[in-house]
$ cat my_file.tsv   # TSV, C-alpha atoms
chain	number	residue	atom	x	y	z
K	1	MET	CA	88.89	30.36	65.25
K	2	THR	CA	90.81	33.61	65.43
K	3	PRO	CA	93.50	33.32	68.11
K	4	THR	CA	93.11	35.58	71.13
K	5	PRO	CA	95.75	38.36	71.08
K	6	THR	CA	98.44	38.19	73.74
K	7	PRO	CA	97.62	40.62	76.58
K	8	VAL	CA	99.79	43.74	76.55
K	9	GLN	CA	101.14	45.29	79.75
K	10	THR	CA	100.18	48.97	79.46
K	11	TYR	CA	101.39	50.43	82.77
K	12	MET	CA	104.51	50.45	84.94
K	13	THR	CA	104.14	48.34	88.03
K	14	THR	CA	106.75	50.47	89.86
K	15	PRO	CA	106.52	54.06	88.54
K	16	SER	CA	108.99	56.66	89.74
K	17	GLN	CA	108.15	58.70	92.82
K	18	PRO	CA	107.07	62.32	92.26
K	19	GLY	CA	109.45	64.97	93.49
K	20	TRP	CA	106.75	66.89	95.37
K	21	GLN	CA	103.92	66.29	97.83
K	22	LEU	CA	100.40	66.47	96.46
K	23	PRO	CA	97.81	68.50	98.38
K	24	ALA	CA	95.39	66.80	100.73
K	25	HIS	CA	92.41	65.23	98.89
K	26	ALA	CA	94.22	65.32	95.53
K	27	CYS	CA	92.08	63.70	92.84
K	28	ASP	CA	93.09	61.65	89.82
K	29	ALA	CA	90.00	62.32	87.72
K	30	HIS	CA	90.53	59.80	84.91
K	31	VAL	CA	91.56	56.17	85.27
K	32	HIS	CA	90.28	52.80	84.08
K	33	VAL	CA	90.18	49.35	85.67
K	34	PHE	CA	90.76	46.22	83.57
K	35	GLY	CA	89.67	42.87	84.92
K	36	PRO	CA	90.65	40.58	86.41
K	37	THR	CA	89.33	39.01	83.25
K	38	ALA	CA	88.60	35.74	85.03
K	39	ARG	CA	85.76	37.61	86.77
K	40	PHE	CA	85.12	40.53	84.43
K	41	PRO	CA	85.63	39.36	80.83
K	42	TYR	CA	86.50	41.72	78.02
K	43	VAL	CA	84.11	42.25	75.15
K	44	PRO	CA	84.83	39.81	72.31
K	45	GLY	CA	86.73	40.78	69.19
K	46	LEU	CA	89.32	43.16	70.66
K	47	GLN	CA	92.32	43.65	68.36
K	48	LYS	CA	94.46	44.80	71.29
K	49	VAL	CA	94.00	43.12	74.65
K	50	PRO	CA	95.43	44.88	77.72
K	51	ALA	CA	96.75	42.90	80.63
K	52	ASP	CA	94.74	42.95	83.83
K	53	ALA	CA	94.91	46.27	85.69
K	54	PRO	CA	92.69	45.50	88.69
K	55	LYS	CA	91.50	47.81	91.43
K	56	GLU	CA	94.15	46.52	93.84
K	57	ALA	CA	96.93	47.75	91.54
K	58	LEU	CA	95.16	51.09	91.13
K	59	PHE	CA	94.72	51.56	94.88
K	60	ALA	CA	98.37	50.67	95.53
K	61	TRP	CA	99.89	53.17	93.12
K	62	HIS	CA	97.49	55.93	94.17
K	63	GLN	CA	98.58	55.41	97.75
K	64	SER	CA	102.22	55.41	96.68
K	65	LEU	CA	101.95	58.65	94.69
K	66	GLY	CA	99.66	60.48	97.10
K	67	PHE	CA	96.25	60.55	95.40
K	68	ALA	CA	93.39	60.33	97.90
K	69	ARG	CA	90.46	60.57	95.48
K	70	CYS	CA	89.74	59.23	92.03
K	71	VAL	CA	87.21	59.03	89.20
K	72	VAL	CA	87.09	55.63	87.51
K	73	VAL	CA	85.84	55.70	83.93
K	74	GLN	CA	84.32	52.55	82.48
K	75	SER	CA	86.51	51.29	79.64
K	76	ALA	CA	85.34	50.16	76.22
K	77	VAL	CA	87.21	46.87	76.79
K	78	HIS	CA	84.43	45.95	79.23
K	79	GLY	CA	81.69	47.46	77.10
K	80	MET	CA	78.53	48.52	78.93
K	81	ASP	CA	78.92	45.98	81.71
K	82	ASN	CA	79.86	48.45	84.44
K	83	ARG	CA	80.33	45.82	87.17
K	84	VAL	CA	84.10	46.19	87.27
K	85	VAL	CA	83.75	49.89	88.13
K	86	GLU	CA	80.85	49.23	90.49
K	87	GLU	CA	83.05	46.90	92.53
K	88	THR	CA	85.89	49.43	92.52
K	89	LEU	CA	83.62	52.18	93.85
K	90	GLN	CA	82.32	49.89	96.57
K	91	ALA	CA	85.86	49.05	97.65
K	92	GLY	CA	86.91	52.71	97.43
K	93	GLY	CA	84.82	53.73	100.41
K	94	GLY	CA	83.54	56.99	98.91
K	95	ARG	CA	86.95	58.17	97.75
K	96	TYR	CA	86.41	56.65	94.30
K	97	LEU	CA	83.53	57.77	92.08
K	98	GLY	CA	82.61	56.61	88.58
K	99	VAL	CA	81.64	57.43	85.02
K	100	ALA	CA	79.64	54.72	83.22
K	101	LEU	CA	79.18	53.52	79.67
K	102	VAL	CA	75.50	53.17	78.81
K	103	PRO	CA	73.34	52.93	75.69
K	104	VAL	CA	71.98	56.27	74.55
K	105	ASP	CA	68.43	55.10	75.22
K	106	VAL	CA	69.19	54.03	78.81
K	107	GLY	CA	66.19	54.44	81.06
K	108	LEU	CA	65.87	56.59	84.15
K	109	PRO	CA	65.76	53.63	86.61
K	110	GLU	CA	69.19	52.40	85.49
K	111	LEU	CA	70.65	55.91	85.69
K	112	GLN	CA	69.22	56.27	89.19
K	113	ARG	CA	70.75	52.92	90.17
K	114	LEU	CA	74.17	53.99	88.88
K	115	ALA	CA	73.93	57.37	90.59
K	116	GLY	CA	73.15	55.63	93.85
K	117	LEU	CA	76.34	53.59	93.52
K	118	GLY	CA	78.54	56.66	93.07
K	119	PHE	CA	78.51	57.21	89.31
K	120	ARG	CA	78.58	60.93	88.55
K	121	GLY	CA	78.38	60.84	84.76
K	122	VAL	CA	78.18	58.79	81.58
K	123	ARG	CA	80.73	58.74	78.78
K	124	PHE	CA	80.29	58.57	75.03
K	125	ASN	CA	83.11	57.94	72.58
K	126	PHE	CA	83.42	59.42	69.11
K	127	MET	CA	86.76	57.81	68.29
K	128	LYS	CA	87.48	55.80	65.14
K	129	HIS	CA	89.25	53.00	67.01
K	130	LEU	CA	86.23	52.59	69.29
K	131	GLY	CA	83.58	52.41	66.55
K	132	ALA	CA	80.75	54.73	65.60
K	133	GLY	CA	79.53	57.22	68.17
K	134	ALA	CA	75.99	57.76	69.39
K	135	ASP	CA	73.47	59.84	67.51
K	136	PRO	CA	74.18	63.37	68.80
K	137	GLN	CA	70.55	64.42	69.06
K	138	ALA	CA	69.66	61.26	70.97
K	139	LEU	CA	72.51	62.16	73.29
K	140	ILE	CA	70.97	65.56	73.97
K	141	ALA	CA	67.67	63.88	74.81
K	142	LEU	CA	69.56	61.67	77.27
K	143	THR	CA	70.99	64.70	79.08
K	144	HIS	CA	67.52	65.54	80.39
K	145	ARG	CA	67.40	62.15	82.13
K	146	LEU	CA	70.94	62.75	83.39
K	147	ALA	CA	69.77	66.03	84.90
K	148	ASP	CA	67.18	64.15	86.94
K	149	CYS	CA	70.04	62.12	88.47
K	150	GLN	CA	72.57	64.96	88.92
K	151	MET	CA	74.88	63.28	86.43
K	152	HIS	CA	76.99	64.94	83.74
K	153	LEU	CA	77.93	64.05	80.17
K	154	GLN	CA	81.53	63.09	79.37
K	155	VAL	CA	82.63	63.02	75.73
K	156	HIS	CA	85.73	61.66	74.00
K	157	PHE	CA	86.17	62.55	70.35
K	158	GLU	CA	88.59	62.99	67.46
K	159	SER	CA	89.77	66.60	67.53
K	160	SER	CA	88.38	67.42	64.09
K	161	LEU	CA	84.86	66.57	65.29
K	162	ILE	CA	84.83	69.48	67.72
K	163	HIS	CA	83.69	71.79	64.92
K	164	THR	CA	80.47	69.82	64.40
K	165	LEU	CA	79.86	68.20	67.78
K	166	GLY	CA	80.57	71.36	69.75
K	167	ASP	CA	77.34	73.07	68.70
K	168	VAL	CA	75.39	69.92	69.59
K	169	PHE	CA	76.92	69.69	73.06
K	170	LYS	CA	75.91	73.30	73.75
K	171	GLN	CA	72.33	72.00	73.87
K	172	SER	CA	73.11	69.70	76.80
K	173	ALA	CA	70.91	69.97	79.87
K	174	VAL	CA	73.86	69.04	82.12
K	175	PRO	CA	77.55	69.96	82.38
K	176	VAL	CA	79.76	68.54	79.62
K	177	VAL	CA	83.26	67.20	80.39
K	178	ILE	CA	85.65	66.96	77.43
K	179	ASP	CA	88.25	64.21	77.62
K	180	HIS	CA	91.98	64.56	77.03
K	181	MET	CA	91.96	68.18	75.82
K	182	ALA	CA	89.79	67.13	72.85
K	183	ARG	CA	92.63	64.93	71.55
K	184	VAL	CA	94.16	67.84	69.64
K	185	ASP	CA	97.62	67.54	68.10
K	186	ALA	CA	99.65	69.50	70.63
K	187	THR	CA	102.53	69.98	68.22
K	188	LEU	CA	100.28	72.30	66.18
K	189	GLY	CA	100.18	74.81	69.05
K	190	ALA	CA	97.54	76.84	70.85
K	191	GLN	CA	96.45	78.81	67.79
K	192	HIS	CA	95.36	75.76	65.77
K	193	ALA	CA	91.67	75.78	64.86
K	194	ASP	CA	90.84	72.61	66.83
K	195	PHE	CA	92.34	73.91	70.07
K	196	GLN	CA	90.76	77.33	69.62
K	197	ALA	CA	87.38	75.64	69.11
K	198	LEU	CA	87.91	73.87	72.44
K	199	CYS	CA	88.64	77.21	74.09
K	200	ARG	CA	85.48	78.75	72.62
K	201	LEU	CA	83.44	75.94	74.18
K	202	LEU	CA	85.14	76.57	77.52
K	203	ASP	CA	84.03	80.20	77.30
K	204	LYS	CA	80.72	78.68	78.46
K	205	PRO	CA	80.85	77.65	82.14
K	206	MET	CA	78.84	74.46	81.46
K	207	PHE	CA	81.93	72.95	79.78
K	208	HIS	CA	84.84	71.37	81.64
K	209	VAL	CA	88.01	69.78	80.31
K	210	LYS	CA	90.33	67.06	81.52
K	211	VAL	CA	93.92	68.22	81.12
K	212	SER	CA	94.83	64.55	80.94
K	213	GLY	CA	96.71	62.97	78.10
K	214	ILE	CA	99.70	65.27	77.74
K	215	ASP	CA	101.39	62.02	76.73
K	216	ARG	CA	98.71	61.28	74.10
K	217	ILE	CA	98.50	64.63	72.35
K	218	ASP	CA	102.32	64.89	72.40
K	219	GLU	CA	103.30	61.24	72.12
K	220	LYS	CA	106.48	61.35	70.05
K	221	VAL	CA	109.15	58.98	71.30
K	222	PRO	CA	111.93	59.10	72.36
K	223	LEU	CA	110.71	61.58	74.94
K	224	ALA	CA	112.06	65.10	75.24
K	225	SER	CA	113.59	66.35	78.48
K	226	PRO	CA	111.45	67.47	80.24
K	227	PRO	CA	108.90	65.18	78.54
K	228	TYR	CA	105.75	66.12	76.65
K	229	PRO	CA	106.55	69.85	76.24
K	230	HIS	CA	103.78	70.53	73.71
K	231	GLY	CA	101.16	68.72	75.75
K	232	VAL	CA	102.21	70.54	78.91
K	233	ALA	CA	102.05	73.90	77.11
K	234	LEU	CA	98.43	73.37	76.02
K	235	ALA	CA	97.41	72.04	79.44
K	236	LYS	CA	99.01	75.07	81.12
K	237	TYR	CA	97.18	77.39	78.71
K	238	LEU	CA	93.86	75.80	79.68
K	239	VAL	CA	94.57	75.90	83.42
K	240	ASP	CA	95.70	79.53	83.24
K	241	THR	CA	92.74	80.60	81.09
K	242	PHE	CA	89.96	78.47	82.57
K	243	PRO	CA	91.16	77.80	86.13
K	244	THR	CA	87.80	76.62	87.52
K	245	GLN	CA	86.90	74.31	84.61
K	246	CYS	CA	89.91	71.98	84.50
K	247	VAL	CA	90.53	68.66	86.24
K	248	TRP	CA	93.57	66.41	85.91
K	249	GLY	CA	93.76	62.69	85.25
K	250	SER	CA	96.55	60.17	84.76
K	251	ASP	CA	94.64	57.95	82.29
K	252	TRP	CA	96.11	54.90	84.06
K	253	PRO	CA	96.63	52.15	82.88
K	254	HIS	CA	97.29	53.88	79.51
K	255	PRO	CA	95.65	51.62	76.91
K	256	ASN	CA	96.11	52.01	73.13
K	257	HIS	CA	99.33	54.00	73.44
K	258	THR	CA	102.63	54.45	71.64
K	259	HIS	CA	104.61	53.83	74.84
K	260	VAL	CA	104.18	53.04	78.54
K	261	PRO	CA	104.18	56.34	80.45
K	262	ASP	CA	105.75	56.71	83.86
K	263	ASP	CA	102.98	57.81	86.24
K	264	GLY	CA	105.51	59.50	88.50
K	265	VAL	CA	106.68	61.62	85.55
K	266	LEU	CA	103.08	62.49	84.68
K	267	THR	CA	102.46	63.50	88.29
K	268	ASP	CA	105.58	65.66	88.34
K	269	ALA	CA	104.34	67.38	85.16
K	270	ILE	CA	101.36	68.76	87.11
K	271	GLN	CA	103.69	71.41	88.51
K	272	ARG	CA	104.52	72.53	84.98
K	273	ILE	CA	100.79	72.71	84.17
K	274	ALA	CA	99.53	74.41	87.34
K	275	THR	CA	102.34	76.74	88.30
K	276	THR	CA	101.07	78.27	91.55
K	277	PRO	CA	99.79	76.65	94.75
K	278	ALA	CA	96.35	78.14	94.11
K	279	LEU	CA	96.16	76.60	90.63
K	280	VAL	CA	97.32	73.21	91.95
K	281	GLN	CA	94.66	73.36	94.66
K	282	ALA	CA	91.97	74.21	92.10
K	283	LEU	CA	93.07	71.56	89.60
K	284	LEU	CA	93.50	68.65	91.99
K	285	VAL	CA	91.08	69.41	94.82
K	286	ASP	CA	88.54	72.21	94.43
K	287	ASN	CA	87.42	71.63	90.83
K	288	PRO	CA	87.03	67.85	91.23
K	289	GLN	CA	85.06	68.44	94.43
K	290	THR	CA	82.70	70.83	92.66
K	291	LEU	CA	82.25	68.62	89.59
K	292	TYR	CA	82.08	65.18	91.22
K	293	ARG	CA	80.73	65.96	94.73
K	294	PHE	CA	82.91	63.69	96.85
K	295	GLU	CA	81.19	62.99	100.15
K	296	HIS	CA	84.12	61.22	101.85
$ encode --input "my_file.tsv" --output "structure tokens"
Amino acid sequence: MTPTPTPVQTYMTTPSQPGWQLPAHACDAHVHVFGPTARFPYVPGLQKVPADAPKEALFAWHQSLGFARCVVVQSAVHGMDNRVVEETLQAGGGRYLGVALVPVDVGLPELQRLAGLGFRGVRFNFMKHLGAGADPQALIALTHRLADCQMHLQVHFESSLIHTLGDVFKQSAVPVVIDHMARVDATLGAQHADFQALCRLLDKPMFHVKVSGIDRIDEKVPLASPPYPHGVALAKYLVDTFPTQCVWGSDWPHPNHTHVPDDGVLTDAIQRIATTPALVQALLVDNPQTLYRFEH
């Protein structure tokens, strides 16, 4: 038997405190919950196994940093068994909504069930480390069922794929949310073809982008001071240029990373990304409310 990898701690249990006060109803629009694995096992065969990052830890650090709302995205480590997110949404009392992982041929009854529990979208990965992605045309067919449930499509892909997948996603019957600034290489700057292709998609109001992952698209360590300058620059460009189509997420608990980010540092970086009170309000409150429809 292949030995089970030792679980890796991927997040700081005591992040630094931000140097500013977040606005009321601030939303962290991209996190995951891992385990506890005794109740919610991981899918077999993982090469990297993260340590438990349960809902209680998530709730505690959100309260500490000042986030009142959140979108929990089902992680590939739990596969398409969305129970760990379902339980988190139930415990979140309406302040936590979800994005599920589902098969591309998922039926309308299951989508309706998920929508009734607080799931606002479904996510599909086109990342090499997560395996082959769904058939793009089957995905477009799915968006018509998503429309019946008022759910959106969230996509996570290698940056080079934007040139082929972008035209497919334009056919979506529902809004499309692009993860982590399309995973571009921030050190290549705003004029690189991949980033410009992202911007051309955002010219269409049906597209939204998560300005999460400044620490992933600019992940060189040791960190600069202030940290992640290239990632911040691209995120600021998107917020300035597409102020109603951006949401922010921490990506806690930071799986598959080069280092363990400090969530307080990431929260402080919001002020370098959204540089006026109006932009902060849009990024953290108004845009998430429009996209996710919090009822709390």
$ closest_residue --input "my_file.tsv" --among "K:Val8, K:Leu101, K:Val72, K:Leu65" --to "Val31 of chain K" --atoms "all atoms listed in the file"
K:Val72
$ closest_residue --input "my_file.tsv" --among "K:Ala24, K:Val84, K:Val106, K:Val260" --to "Phe67 of chain K" --atoms "only C-alpha atoms"
K:Ala24
$ atom_distance --input "my_file.tsv" --atom1 "atom CA of Met127 of chain K" --atom2 "atom CA of Leu142 of chain K"
19.8 Å
$ closest_residue --input "my_file.tsv" --among "K:Leu161, K:Glu219, K:Val232, K:Ala134" --to "Ala197 of chain K" --atoms "only C-alpha atoms"
K:Leu161
$ residues_around --input "my_file.tsv" --residues "Met80 of chain K" --least-positions-apart "4" --cutoff "8 Å" --atoms "all atoms listed in the file" --output "list in words"
Gln74, Ala76, Ala100, Leu101, Val102 and Pro103 of chain K
$ write_last_selection --input "my_file.tsv" --atoms "C-alpha atoms" --output "PDB file, keeping the file's coordinate frame"
ATOM      1  CA  GLN K  74      84.320  52.550  82.480  1.00  0.00           C
ATOM      2  CA  ALA K  76      85.340  50.160  76.220  1.00  0.00           C
ATOM      3  CA  ALA K 100      79.640  54.720  83.220  1.00  0.00           C
ATOM      4  CA  LEU K 101      79.180  53.520  79.670  1.00  0.00           C
ATOM      5  CA  VAL K 102      75.500  53.170  78.810  1.00  0.00           C
ATOM      6  CA  PRO K 103      73.340  52.930  75.690  1.00  0.00           C
TER       7      PRO K 103
END
$ closest_residue --input "my_file.tsv" --among "K:Asp203, K:Val71, K:Leu139, K:Trp252" --to "Val168 of chain K" --atoms "only C-alpha atoms"
K:Leu139
$ closest_residue --input "my_file.tsv" --among "K:Val265, K:Leu238, K:Ile178, K:Leu114" --to "Asp81 of chain K" --atoms "all atoms listed in the file"
K:Leu114
$ residues_near_point --input "my_file.tsv" --point "(94.4, 39.8, 77.6)" --cutoff "8 Å" --atoms "only C-alpha atoms" --output "number ranges by chain"
K: 4-8, 37, 49-52
$ write_last_selection --input "my_file.tsv" --atoms "C-alpha atoms" --output "PDB file, in the coordinates of the input"
ATOM      1  CA  THR K   4      93.110  35.580  71.130  1.00  0.00           C
ATOM      2  CA  PRO K   5      95.750  38.360  71.080  1.00  0.00           C
ATOM      3  CA  THR K   6      98.440  38.190  73.740  1.00  0.00           C
ATOM      4  CA  PRO K   7      97.620  40.620  76.580  1.00  0.00           C
ATOM      5  CA  VAL K   8      99.790  43.740  76.550  1.00  0.00           C
ATOM      6  CA  THR K  37      89.330  39.010  83.250  1.00  0.00           C
ATOM      7  CA  VAL K  49      94.000  43.120  74.650  1.00  0.00           C
ATOM      8  CA  PRO K  50      95.430  44.880  77.720  1.00  0.00           C
ATOM      9  CA  ALA K  51      96.750  42.900  80.630  1.00  0.00           C
ATOM     10  CA  ASP K  52      94.740  42.950  83.830  1.00  0.00           C
TER      11      ASP K  52
END
$ residues_around --input "my_file.tsv" --residues "Gln245 of chain K" --least-positions-apart "6" --cutoff "12 Å" --atoms "only C-alpha atoms" --output "PDB file with C-alpha atoms, keeping the file's coordinate frame"
ATOM      1  CA  PRO K 175      77.550  69.960  82.380  1.00  0.00           C
ATOM      2  CA  VAL K 176      79.760  68.540  79.620  1.00  0.00           C
ATOM      3  CA  VAL K 177      83.260  67.200  80.390  1.00  0.00           C
ATOM      4  CA  ILE K 178      85.650  66.960  77.430  1.00  0.00           C
ATOM      5  CA  MET K 181      91.960  68.180  75.820  1.00  0.00           C
ATOM      6  CA  CYS K 199      88.640  77.210  74.090  1.00  0.00           C
ATOM      7  CA  LEU K 201      83.440  75.940  74.180  1.00  0.00           C
ATOM      8  CA  LEU K 202      85.140  76.570  77.520  1.00  0.00           C
ATOM      9  CA  ASP K 203      84.030  80.200  77.300  1.00  0.00           C
ATOM     10  CA  LYS K 204      80.720  78.680  78.460  1.00  0.00           C
ATOM     11  CA  PRO K 205      80.850  77.650  82.140  1.00  0.00           C
ATOM     12  CA  MET K 206      78.840  74.460  81.460  1.00  0.00           C
ATOM     13  CA  PHE K 207      81.930  72.950  79.780  1.00  0.00           C
ATOM     14  CA  HIS K 208      84.840  71.370  81.640  1.00  0.00           C
ATOM     15  CA  VAL K 209      88.010  69.780  80.310  1.00  0.00           C
ATOM     16  CA  LYS K 210      90.330  67.060  81.520  1.00  0.00           C
ATOM     17  CA  VAL K 211      93.920  68.220  81.120  1.00  0.00           C
ATOM     18  CA  ALA K 235      97.410  72.040  79.440  1.00  0.00           C
ATOM     19  CA  LEU K 238      93.860  75.800  79.680  1.00  0.00           C
ATOM     20  CA  VAL K 239      94.570  75.900  83.420  1.00  0.00           C
ATOM     21  CA  LEU K 279      96.160  76.600  90.630  1.00  0.00           C
ATOM     22  CA  ALA K 282      91.970  74.210  92.100  1.00  0.00           C
ATOM     23  CA  LEU K 283      93.070  71.560  89.600  1.00  0.00           C
ATOM     24  CA  LEU K 284      93.500  68.650  91.990  1.00  0.00           C
ATOM     25  CA  ASP K 286      88.540  72.210  94.430  1.00  0.00           C
ATOM     26  CA  ASN K 287      87.420  71.630  90.830  1.00  0.00           C
ATOM     27  CA  PRO K 288      87.030  67.850  91.230  1.00  0.00           C
ATOM     28  CA  GLN K 289      85.060  68.440  94.430  1.00  0.00           C
ATOM     29  CA  THR K 290      82.700  70.830  92.660  1.00  0.00           C
ATOM     30  CA  LEU K 291      82.250  68.620  89.590  1.00  0.00           C
TER      31      LEU K 291
END
$ closest_residue --input "my_file.tsv" --among "K:Val155, K:Leu146, K:Val73, K:Leu117" --to "Asp105 of chain K" --atoms "all atoms listed in the file"
K:Leu146
$ residues_near_point --input "my_file.tsv" --point "(96.2, 44.0, 84.0)" --cutoff "8 Å" --atoms "only C-alpha atoms" --output "list in words"
Gln9, Thr10, Phe34, Gly35, Pro36, Pro50, Ala51, Asp52, Ala53 and Pro54 of chain K
$ residues_around --input "my_file.tsv" --residues "Val280 of chain K" --least-positions-apart "2" --cutoff "10 Å" --atoms "all atoms listed in the file" --output "PDB file with C-alpha atoms, keeping the file's coordinate frame"
ATOM      1  CA  LEU K  22     100.400  66.470  96.460  1.00  0.00           C
ATOM      2  CA  PRO K  23      97.810  68.500  98.380  1.00  0.00           C
ATOM      3  CA  ALA K  26      94.220  65.320  95.530  1.00  0.00           C
ATOM      4  CA  VAL K 239      94.570  75.900  83.420  1.00  0.00           C
ATOM      5  CA  PRO K 243      91.160  77.800  86.130  1.00  0.00           C
ATOM      6  CA  VAL K 247      90.530  68.660  86.240  1.00  0.00           C
ATOM      7  CA  TRP K 248      93.570  66.410  85.910  1.00  0.00           C
ATOM      8  CA  ILE K 270     101.360  68.760  87.110  1.00  0.00           C
ATOM      9  CA  GLN K 271     103.690  71.410  88.510  1.00  0.00           C
ATOM     10  CA  ILE K 273     100.790  72.710  84.170  1.00  0.00           C
ATOM     11  CA  ALA K 274      99.530  74.410  87.340  1.00  0.00           C
ATOM     12  CA  THR K 275     102.340  76.740  88.300  1.00  0.00           C
ATOM     13  CA  THR K 276     101.070  78.270  91.550  1.00  0.00           C
ATOM     14  CA  PRO K 277      99.790  76.650  94.750  1.00  0.00           C
ATOM     15  CA  ALA K 278      96.350  78.140  94.110  1.00  0.00           C
ATOM     16  CA  ALA K 282      91.970  74.210  92.100  1.00  0.00           C
ATOM     17  CA  LEU K 283      93.070  71.560  89.600  1.00  0.00           C
ATOM     18  CA  LEU K 284      93.500  68.650  91.990  1.00  0.00           C
ATOM     19  CA  VAL K 285      91.080  69.410  94.820  1.00  0.00           C
ATOM     20  CA  ASP K 286      88.540  72.210  94.430  1.00  0.00           C
TER      21      ASP K 286
END
$ axis_aligned_box --input "my_file.tsv" --around "segment 75-82 of chain K" --padding-each-side "3 Å" --output "lines of an AutoDock Vina configuration file"
center_x = 82.9
center_y = 48.6
center_z = 80.3
size_x = 14.7
size_y = 11.3
size_z = 14.2
$ atom_distance --input "my_file.tsv" --atom1 "atom CA of Phe59 of chain K" --atom2 "atom CA of Arg216 of chain K"
23.3 Å
$ atom_distance --input "my_file.tsv" --atom1 "atom CA of Phe242 of chain K" --atom2 "atom CA of Asp135 of chain K"
29.1 Å
$ residues_around --input "my_file.tsv" --residues "Gln137 of chain K" --least-positions-apart "6" --cutoff "12 Å" --atoms "all atoms listed in the file" --output "PDB file with C-alpha atoms, keeping the file's coordinate frame"
ATOM      1  CA  VAL K 104      71.980  56.270  74.550  1.00  0.00           C
ATOM      2  CA  ASP K 105      68.430  55.100  75.220  1.00  0.00           C
ATOM      3  CA  THR K 143      70.990  64.700  79.080  1.00  0.00           C
ATOM      4  CA  HIS K 144      67.520  65.540  80.390  1.00  0.00           C
ATOM      5  CA  LEU K 165      79.860  68.200  67.780  1.00  0.00           C
ATOM      6  CA  ASP K 167      77.340  73.070  68.700  1.00  0.00           C
ATOM      7  CA  VAL K 168      75.390  69.920  69.590  1.00  0.00           C
ATOM      8  CA  PHE K 169      76.920  69.690  73.060  1.00  0.00           C
ATOM      9  CA  LYS K 170      75.910  73.300  73.750  1.00  0.00           C
ATOM     10  CA  GLN K 171      72.330  72.000  73.870  1.00  0.00           C
ATOM     11  CA  SER K 172      73.110  69.700  76.800  1.00  0.00           C
TER      12      SER K 172
END
$ build_atoms --input "my_file.tsv" --residues "segment 275-286 of chain K" --atoms "N, CA, C and O atoms" --output "compact mmCIF listing (two decimals), keeping the file's coordinate frame"
# COMPACT_ATOMS: atom_id res chain seq x y z
N THR K 275 101.04 76.22 87.86
CA THR K 275 102.34 76.74 88.30
C THR K 275 102.30 77.57 89.58
O THR K 275 103.31 78.16 89.96
N THR K 276 101.16 77.63 90.24
CA THR K 276 101.07 78.27 91.55
C THR K 276 100.33 77.34 92.50
O THR K 276 99.55 76.48 92.06
N PRO K 277 100.54 77.49 93.81
CA PRO K 277 99.79 76.65 94.75
C PRO K 277 98.28 76.76 94.59
O PRO K 277 97.56 75.77 94.74
N ALA K 278 97.79 77.96 94.28
CA ALA K 278 96.35 78.14 94.11
C ALA K 278 95.83 77.36 92.91
O ALA K 278 94.75 76.76 92.97
N LEU K 279 96.58 77.34 91.82
CA LEU K 279 96.16 76.60 90.63
C LEU K 279 96.23 75.10 90.87
O LEU K 279 95.37 74.35 90.39
N VAL K 280 97.23 74.64 91.60
CA VAL K 280 97.32 73.21 91.95
C VAL K 280 96.12 72.82 92.80
O VAL K 280 95.48 71.78 92.57
N GLN K 281 95.80 73.64 93.79
CA GLN K 281 94.66 73.36 94.66
C GLN K 281 93.36 73.29 93.86
O GLN K 281 92.53 72.39 94.07
N ALA K 282 93.18 74.21 92.93
CA ALA K 282 91.97 74.21 92.10
C ALA K 282 91.92 72.96 91.22
O ALA K 282 90.89 72.28 91.14
N LEU K 283 93.03 72.65 90.57
CA LEU K 283 93.07 71.56 89.60
C LEU K 283 92.85 70.20 90.25
O LEU K 283 92.11 69.36 89.72
N LEU K 284 93.50 69.98 91.38
CA LEU K 284 93.50 68.65 91.99
C LEU K 284 92.46 68.46 93.08
O LEU K 284 92.11 67.32 93.41
N VAL K 285 91.97 69.54 93.66
CA VAL K 285 91.08 69.41 94.82
C VAL K 285 89.74 70.12 94.61
O VAL K 285 88.69 69.49 94.61
N ASP K 286 89.78 71.43 94.42
CA ASP K 286 88.54 72.21 94.43
C ASP K 286 87.66 71.91 93.22
O ASP K 286 86.44 71.71 93.36
